[in-house]
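**Q** This is the content of protein-v1.cif (mmCIF, C-alpha atoms):
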data_run
#
loop_
_atom_site.label_atom_id
_atom_site.label_comp_id
_atom_site.auth_asym_id
_atom_site.auth_seq_id
_atom_site.Cartn_x
_atom_site.Cartn_y
_atom_site.Cartn_z
CA MET A 77 0.00 0.00 0.00
CA ILE A 78 1.31 3.43 -0.96
CA SER A 79 0.00 6.52 0.82
CA ALA A 80 1.04 10.17 0.61
CA SER A 81 3.89 9.59 3.09
CA ALA A 82 4.48 5.85 3.45
CA VAL A 83 4.86 2.52 1.69
CA ALA A 84 3.72 -0.65 3.45
CA SER A 85 3.55 -4.32 2.69
CA GLU A 86 0.37 -6.30 2.93
CA VAL A 87 -0.19 -7.83 6.37
CA VAL A 88 0.61 -11.53 6.15
CA ILE A 89 -0.59 -14.19 8.57
CA ILE A 90 2.20 -16.62 9.38
CA GLN A 91 1.41 -20.08 10.71
CA ALA A 92 4.38 -20.10 13.06
CA PRO A 93 4.97 -18.70 16.55
CA ALA A 94 5.88 -15.02 16.78
CA GLU A 95 9.09 -15.90 18.66
CA LEU A 96 10.28 -18.01 15.71
CA VAL A 97 9.42 -15.31 13.19
CA TRP A 98 11.22 -12.70 15.30
CA SER A 99 14.32 -14.90 15.53
CA LEU A 100 14.41 -15.19 11.72
CA LEU A 101 13.85 -11.46 11.26
CA ILE A 102 16.83 -10.52 13.44
CA ASP A 103 19.17 -13.27 12.15
CA PHE A 104 20.78 -11.00 9.57
CA LYS A 105 23.42 -13.57 8.58
CA ARG A 106 20.71 -15.88 7.19
CA TYR A 107 18.72 -13.34 5.13
CA SER A 108 20.12 -14.84 1.93
CA GLU A 109 18.25 -18.06 2.77
CA TRP A 110 14.84 -16.46 2.54
CA ASN A 111 14.75 -12.75 1.63
CA SER A 112 14.70 -12.09 -2.12
CA PHE A 113 14.14 -8.34 -1.58
CA CYS A 114 17.11 -7.90 0.76
CA PRO A 115 19.33 -10.98 0.46
CA SER A 116 22.32 -9.34 2.15
CA ILE A 117 22.30 -7.46 5.41
CA LYS A 118 25.06 -6.78 7.91
CA SER A 119 24.50 -5.23 11.31
CA THR A 120 24.45 -5.79 15.02
CA LEU A 121 21.34 -5.56 17.14
CA GLN A 122 22.31 -2.30 18.78
CA LEU A 123 20.60 1.08 18.61
CA GLY A 124 22.50 3.32 16.24
CA ALA A 125 24.33 0.46 14.53
CA ALA A 126 24.76 0.71 10.76
CA VAL A 127 22.58 -1.62 8.69
CA GLU A 128 24.42 -2.35 5.44
CA MET A 129 21.98 -3.86 2.95
CA MET A 130 21.67 -4.88 -0.65
CA THR A 131 18.07 -4.34 -1.77
CA ASP A 132 16.26 -4.98 -5.03
CA LEU A 133 13.68 -2.38 -6.06
CA GLY A 134 13.26 -4.01 -9.45
CA PHE A 135 16.49 -3.00 -11.18
CA GLY A 136 19.06 -5.24 -9.50
CA LEU A 137 20.68 -5.20 -6.11
CA GLN A 138 21.67 -1.76 -4.83
CA PRO A 139 23.58 -0.88 -1.64
CA GLN A 140 21.74 0.95 1.12
CA VAL A 141 23.00 1.99 4.56
CA GLU A 142 20.61 2.89 7.34
CA TYR A 143 20.84 2.87 11.15
CA ILE A 144 18.92 0.88 13.77
CA SER A 145 16.54 3.31 15.43
CA CYS A 146 14.24 1.02 17.43
CA ILE A 147 14.33 -2.48 18.88
CA GLU A 148 11.26 -3.63 20.79
CA SER A 149 11.93 -7.34 21.05
CA PRO A 150 10.07 -9.47 20.02
CA ASN A 151 7.64 -7.22 18.15
CA LYS A 152 9.32 -4.33 16.34
CA ILE A 153 12.61 -3.41 14.73
CA ALA A 154 13.22 -0.23 12.76
CA TRP A 155 16.05 1.38 10.87
CA SER A 156 16.30 4.85 9.43
CA MET A 157 18.29 6.87 6.97
CA LYS A 158 20.87 9.16 8.56
CA ASN A 159 18.14 11.83 8.49
CA GLU A 160 20.06 15.08 8.80
CA PRO A 161 17.73 18.09 9.27
CA ASP A 162 18.36 19.50 5.78
CA ASP A 163 18.07 16.15 3.93
CA PRO A 164 15.45 16.28 1.16
CA ILE A 165 14.07 12.87 2.19
CA HIS A 166 13.80 11.27 5.61
CA ALA A 167 12.83 7.62 5.96
CA CYS A 168 12.23 5.11 8.75
CA ARG A 169 11.40 1.45 8.00
CA SER A 170 9.64 -0.49 10.74
CA GLN A 171 8.88 -4.21 10.79
CA PHE A 172 6.20 -5.61 13.08
CA VAL A 173 5.57 -9.15 14.37
CA THR A 174 2.30 -9.51 16.31
CA PRO A 175 1.34 -12.78 18.04
CA LEU A 176 -2.15 -14.02 17.18
CA CYS A 177 -2.00 -17.24 19.20
CA ASP A 178 0.73 -19.66 20.31
CA SER A 179 1.28 -20.90 16.76
CA SER A 180 0.60 -17.93 14.50
CA CYS A 181 1.38 -14.24 14.09
CA SER A 182 1.07 -11.39 11.66
CA TYR A 183 3.87 -9.48 9.97
CA TYR A 184 4.09 -6.28 8.00
CA THR A 185 6.65 -3.63 7.20
CA ILE A 186 6.23 0.08 6.54
CA ASP A 187 8.58 2.83 5.44
CA ASP A 188 7.49 6.27 6.67
CA PHE A 189 8.82 9.21 4.66
CA SER A 190 9.05 12.96 5.09
CA GLY A 191 11.01 15.82 3.55
CA GLU A 192 10.64 18.19 0.61
CA GLN A 193 11.46 15.51 -2.01
CA MET A 194 9.18 12.84 -0.49
CA ALA A 195 6.45 13.10 -3.17
CA LEU A 196 8.92 12.81 -6.04
CA MET A 197 10.70 9.88 -4.40
CA LEU A 198 7.40 8.05 -3.82
CA GLU A 199 6.39 8.70 -7.43
CA GLN A 200 9.68 7.27 -8.71
CA PHE A 201 10.30 4.43 -6.25
CA GLY A 202 7.06 3.78 -4.33
CA ALA A 203 5.86 0.91 -6.51
CA GLY A 204 9.27 -0.81 -6.37
CA ILE A 205 9.41 -0.43 -2.59
CA GLU A 206 5.90 -1.84 -2.28
CA ARG A 207 6.74 -4.86 -4.48
CA GLY A 208 9.94 -5.45 -2.51
CA PHE A 209 8.20 -5.21 0.86
CA ASN A 210 5.48 -7.63 -0.28
CA ARG A 211 8.16 -10.07 -1.50
CA CYS A 212 9.90 -9.76 1.87
CA ALA A 213 6.64 -10.45 3.74
CA THR A 214 5.79 -13.46 1.57
CA ASP A 215 9.35 -14.80 1.73
CA LEU A 216 9.35 -14.51 5.54
CA LYS A 217 5.97 -16.24 5.76
CA ASP A 218 7.07 -19.13 3.54
CA TYR A 219 10.41 -19.57 5.30
CA ALA A 220 9.01 -19.32 8.83
CA GLU A 221 6.23 -21.82 8.08
CA LYS A 222 8.76 -24.23 6.58
CA CYS A 223 11.04 -23.90 9.62
CA TYR A 224 8.11 -24.41 11.99
CA GLN A 225 6.86 -27.48 10.11
CA GLU A 226 10.36 -28.97 10.10
CA SER A 227 10.77 -28.38 13.83
CA ASN A 228 7.44 -30.11 14.51
CA ALA A 229 8.33 -33.08 12.29
CA SER A 230 11.41 -33.94 14.31
#
Go ahead and express the file in the form of structure tokens.
**A**
Amino acid sequence: MISASAVASEVVIIQAPAELVWSLLIDFKRYSEWNSFCPSIKSTLQLGAAVEMMTDLGFGLQPQVEYISCIESPNKIAWSMKNEPDDPIHACRSQFVTPLCDSSCSYYTIDDFSGEQMALMLEQFGAGIERGFNRCATDLKDYAEKCYQESNAS
């Protein structure tokens, strides 16, 4: 979904416990195993830490560096652009895991934007961000459900 100041994925229902989904979401070293939108990410789970990513907005992998701005384990992690006061675009991407019951949860991600160039950026890149976020959500759902099924089979 694209609004005047944000891009969000669809909310997906994942048939796996929220704790498992959270553990996959913060295991940056294993993103290449499941995340086709962002198959490479390097960071530590510390506020202010750099998040070095390779993301695909539809024209190949591109480097992106943001900074962890929020960790509310096990429900929310967010990272933001450097966001200097005079930057033409400010952005903060949040990812949410919400327990629904012991064996399922919901997930979605949203990038909130502001700044004088926000409208132009959304016009140029909003659809690619939306597609990428929806791929990420679907990839996480598929991978988490597979991991949960495998753990129950053993």
**Q** Quick one: everything within 9 Å of Gln171 of chain A, counting only C-alpha atoms, minus sequence neighbours fewer than 6 positions away in the same chain. Send it as a ChimeraX atom specification.
**A** /A:101,151-154,183-187
**Q** Quick one: residues within 9 Å of Val88 of chain A, only C-alpha atoms counted, chain neighbours fewer than 4 positions away excluded, as a list in words?
**A** Cys181, Ser182, Tyr183, Tyr184, Asn210, Ala213, Thr214 and Lys217 of chain A
**Q** Keeping C-alpha atoms for every residue in the selection just given, could you write it to a file as a PDB file, in the coordinates of the input?
**A**
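Ended up saving to out.pdb:
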ATOM      1  CA  CYS A 181       1.380 -14.240  14.090  1.00  0.00           C
ATOM      2  CA  SER A 182       1.070 -11.390  11.660  1.00  0.00           C
ATOM      3  CA  TYR A 183       3.870  -9.480   9.970  1.00  0.00           C
ATOM      4  CA  TYR A 184       4.090  -6.280   8.000  1.00  0.00           C
ATOM      5  CA  ASN A 210       5.480  -7.630  -0.280  1.00  0.00           C
ATOM      6  CA  ALA A 213       6.640 -10.450   3.740  1.00  0.00           C
ATOM      7  CA  THR A 214       5.790 -13.460   1.570  1.00  0.00           C
ATOM      8  CA  LYS A 217       5.970 -16.240   5.760  1.00  0.00           C
TER       9      LYS A 217
END
**Q** Mind listing as a list in words all residues within 12 Å of (25.0, 3.3, 6.3), counting all atoms listed in the file?
**A**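 Residues satisfying the cut-off, written out: Ile117, Lys118, Ser119, Gly124, Ala125, Ala126, Val127, Glu128, Met129, Met130, Pro139, Gln140, Val141, Glu142, Tyr143, Ile144, Trp155, Ser156, Met157, Lys158 and Asn159 of chain A.
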**Q** How about saving the chosen residues, C-alpha atoms kept, as an mmCIF file, in the frame of the given file?
**A**
data_model
loop_
_atom_site.group_PDB
_atom_site.id
_atom_site.type_symbol
_atom_site.label_atom_id
_atom_site.label_comp_id
_atom_site.auth_asym_id
_atom_site.auth_seq_id
_atom_site.Cartn_x
_atom_site.Cartn_y
_atom_site.Cartn_z
ATOM 1 C CA ILE A 117 22.300 -7.460 5.410
ATOM 2 C CA LYS A 118 25.060 -6.780 7.910
ATOM 3 C CA SER A 119 24.500 -5.230 11.310
ATOM 4 C CA GLY A 124 22.500 3.320 16.240
ATOM 5 C CA ALA A 125 24.330 0.460 14.530
ATOM 6 C CA ALA A 126 24.760 0.710 10.760
ATOM 7 C CA VAL A 127 22.580 -1.620 8.690
ATOM 8 C CA GLU A 128 24.420 -2.350 5.440
ATOM 9 C CA MET A 129 21.980 -3.860 2.950
ATOM 10 C CA MET A 130 21.670 -4.880 -0.650
ATOM 11 C CA PRO A 139 23.580 -0.880 -1.640
ATOM 12 C CA GLN A 140 21.740 0.950 1.120
ATOM 13 C CA VAL A 141 23.000 1.990 4.560
ATOM 14 C CA GLU A 142 20.610 2.890 7.340
ATOM 15 C CA TYR A 143 20.840 2.870 11.150
ATOM 16 C CA ILE A 144 18.920 0.880 13.770
ATOM 17 C CA TRP A 155 16.050 1.380 10.870
ATOM 18 C CA SER A 156 16.300 4.850 9.430
ATOM 19 C CA MET A 157 18.290 6.870 6.970
ATOM 20 C CA LYS A 158 20.870 9.160 8.560
ATOM 21 C CA ASN A 159 18.140 11.830 8.490
#
**Q** Figure out the distance between atom CA of Val173 of chain A and atom CA of Gly204 of chain A, please, to one decimal in Å.
**A**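 These two atoms are separated by 22.7 Å.
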**Q** Would you mind reading off the distance between atom CA of Glu206 of chain A and atom CA of Leu96 of chain A, one decimal, in Å?
**A**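 Here the two named atoms are 24.6 Å from each other.
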**Q** For Tyr224 of chain A, which of A:Pro93, A:Pro115, A:Pro161, A:Gly191 is the closest residue, counting only C-alpha atoms?
**A**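 Closest to Tyr224 of chain A, using only C-alpha atoms: A:Pro93.
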**Q** Show me a table, sorted first by chain and then by increasing residue number, of the residues of segment 95-206 of chain A having an atom at most 8 Å from segment 77-82 of chain A, each with its shortest atom pair and the distance in Å to one decimal, counting only C-alpha atoms and written as a Markdown table.
**A**
| residue | atom | partner | partner_atom | distance |
| --- | --- | --- | --- | --- |
| A:Ile186 | CA | A:Ala82 | CA | 6.8 |
| A:Asp187 | CA | A:Ala82 | CA | 5.5 |
| A:Asp188 | CA | A:Ala82 | CA | 4.4 |
| A:Phe189 | CA | A:Ser81 | CA | 5.2 |
| A:Ser190 | CA | A:Ser81 | CA | 6.5 |
| A:Met194 | CA | A:Ser81 | CA | 7.2 |
| A:Ala195 | CA | A:Ala80 | CA | 7.2 |
| A:Leu198 | CA | A:Ser81 | CA | 7.9 |
| A:Gly202 | CA | A:Ile78 | CA | 6.7 |
| A:Ala203 | CA | A:Ile78 | CA | 7.6 |
| A:Glu206 | CA | A:Met77 | CA | 6.6 |
**Q** Work out how far atom CA of Ser179 of chain A is from atom CA of Ala229 of chain A, in Å to one decimal.
**A** 14.8 Å
**Q** Closest to Leu176 of chain A among A:Glu192, A:Glu109, A:Glu86, A:Glu95, using all atoms listed in the file?
**A**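 Of A:Glu192, A:Glu109, A:Glu86, A:Glu95, the one nearest Leu176 of chain A, counting all atoms listed in the file, is A:Glu95.
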**Q** Determine the residue set returned by the PyMOL selection byres ((chain A and resi 133) around 9) for the present structure, and present it as a list in words.
**A**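 Expected selection for the PyMOL selection byres ((chain A and resi 133) around 9) here is Phe113, Thr131, Asp132, Gly134, Phe135, Gly136, Leu137, Gln138, Phe201, Ala203, Gly204, Ile205, Glu206, Arg207 and Gly208 of chain A.
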**Q** Please expand the PyMOL selection byres ((chain A and resi 219) around 12) into the concrete residues it hits in this file, giving the result as a PyMOL selection string.
**A** chain A and resi 90-92+96-97+99-101+106-112+211-218+220-226
**Q** Find the axis-aligned box for segment 101-114 of chain A, covering all its listed atoms and adding 6 Å on each side, and write its centre and edge lengths in Å to one decimal as AutoDock Vina command-line options.
**A**
--center_x 18.6 --center_y -13.0 --center_z 5.7 --size_x 21.6 --size_y 22.2 --size_z 27.6
**Q** For Ile147 of chain A, which residue among A:Ser116, A:Phe209, A:Ser170, A:Glu160 is the nearest when counting only C-alpha atoms?
**A**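 Between A:Ser116, A:Phe209, A:Ser170, A:Glu160, the residue approaching Ile147 of chain A most closely is A:Ser170.
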**Q** Missing atoms in segment 169-190 of chain A should be modelled up to N, CA and C atoms and reported as an mmCIF file, in the frame of the given file.
**A**
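Generated file (result_11.cif):
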data_model
loop_
_atom_site.group_PDB
_atom_site.id
_atom_site.type_symbol
_atom_site.label_atom_id
_atom_site.label_comp_id
_atom_site.auth_asym_id
_atom_site.auth_seq_id
_atom_site.Cartn_x
_atom_site.Cartn_y
_atom_site.Cartn_z
ATOM 1 N N ARG A 169 12.073 2.720 8.286
ATOM 2 C CA ARG A 169 11.400 1.450 8.000
ATOM 3 C C ARG A 169 11.213 0.676 9.287
ATOM 4 N N SER A 170 9.978 0.310 9.563
ATOM 5 C CA SER A 170 9.640 -0.490 10.740
ATOM 6 C C SER A 170 9.087 -1.832 10.282
ATOM 7 N N GLN A 171 9.415 -2.878 11.039
ATOM 8 C CA GLN A 171 8.880 -4.210 10.790
ATOM 9 C C GLN A 171 8.213 -4.692 12.076
ATOM 10 N N PHE A 172 7.018 -5.242 11.935
ATOM 11 C CA PHE A 172 6.200 -5.610 13.080
ATOM 12 C C PHE A 172 5.819 -7.090 13.047
ATOM 13 N N VAL A 173 6.009 -7.768 14.168
ATOM 14 C CA VAL A 173 5.570 -9.150 14.370
ATOM 15 C C VAL A 173 4.581 -9.108 15.531
ATOM 16 N N THR A 174 3.337 -9.555 15.284
ATOM 17 C CA THR A 174 2.300 -9.510 16.310
ATOM 18 C C THR A 174 1.747 -10.917 16.544
ATOM 19 N N PRO A 175 1.887 -11.447 17.758
ATOM 20 C CA PRO A 175 1.340 -12.780 18.040
ATOM 21 C C PRO A 175 -0.184 -12.778 17.888
ATOM 22 N N LEU A 176 -0.711 -13.837 17.290
ATOM 23 C CA LEU A 176 -2.150 -14.020 17.180
ATOM 24 C C LEU A 176 -2.621 -15.133 18.111
ATOM 25 N N CYS A 177 -1.803 -16.150 18.257
ATOM 26 C CA CYS A 177 -2.000 -17.240 19.200
ATOM 27 C C CYS A 177 -0.636 -17.894 19.382
ATOM 28 N N ASP A 178 -0.566 -19.022 20.060
ATOM 29 C CA ASP A 178 0.730 -19.660 20.310
ATOM 30 C C ASP A 178 1.441 -20.091 19.028
ATOM 31 N N SER A 179 0.671 -20.349 17.973
ATOM 32 C CA SER A 179 1.280 -20.900 16.760
ATOM 33 C C SER A 179 1.085 -20.054 15.508
ATOM 34 N N SER A 180 0.711 -18.786 15.675
ATOM 35 C CA SER A 180 0.600 -17.930 14.500
ATOM 36 C C SER A 180 0.804 -16.464 14.900
ATOM 37 N N CYS A 181 1.137 -15.666 13.879
ATOM 38 C CA CYS A 181 1.380 -14.240 14.090
ATOM 39 C C CYS A 181 1.126 -13.505 12.792
ATOM 40 N N SER A 182 1.139 -12.200 12.873
ATOM 41 C CA SER A 182 1.070 -11.390 11.660
ATOM 42 C C SER A 182 2.393 -10.639 11.511
ATOM 43 N N TYR A 183 2.666 -10.249 10.283
ATOM 44 C CA TYR A 183 3.870 -9.480 9.970
ATOM 45 C C TYR A 183 3.522 -8.446 8.920
ATOM 46 N N TYR A 184 4.090 -7.267 9.078
ATOM 47 C CA TYR A 184 4.090 -6.280 8.000
ATOM 48 C C TYR A 184 5.248 -5.337 8.212
ATOM 49 N N THR A 185 5.591 -4.625 7.148
ATOM 50 C CA THR A 185 6.650 -3.630 7.200
ATOM 51 C C THR A 185 6.158 -2.348 6.553
ATOM 52 N N ILE A 186 6.633 -1.226 7.061
ATOM 53 C CA ILE A 186 6.230 0.080 6.540
ATOM 54 C C ILE A 186 7.424 1.016 6.565
ATOM 55 N N ASP A 187 7.556 1.798 5.523
ATOM 56 C CA ASP A 187 8.580 2.830 5.440
ATOM 57 C C ASP A 187 7.856 4.174 5.478
ATOM 58 N N ASP A 188 8.086 4.948 6.540
ATOM 59 C CA ASP A 188 7.490 6.270 6.670
ATOM 60 C C ASP A 188 8.480 7.310 6.153
ATOM 61 N N PHE A 189 7.980 8.208 5.307
ATOM 62 C CA PHE A 189 8.820 9.210 4.660
ATOM 63 C C PHE A 189 8.382 10.612 5.033
ATOM 64 N N SER A 190 9.339 11.535 4.978
ATOM 65 C CA SER A 190 9.050 12.960 5.090
ATOM 66 C C SER A 190 10.144 13.710 4.325
#
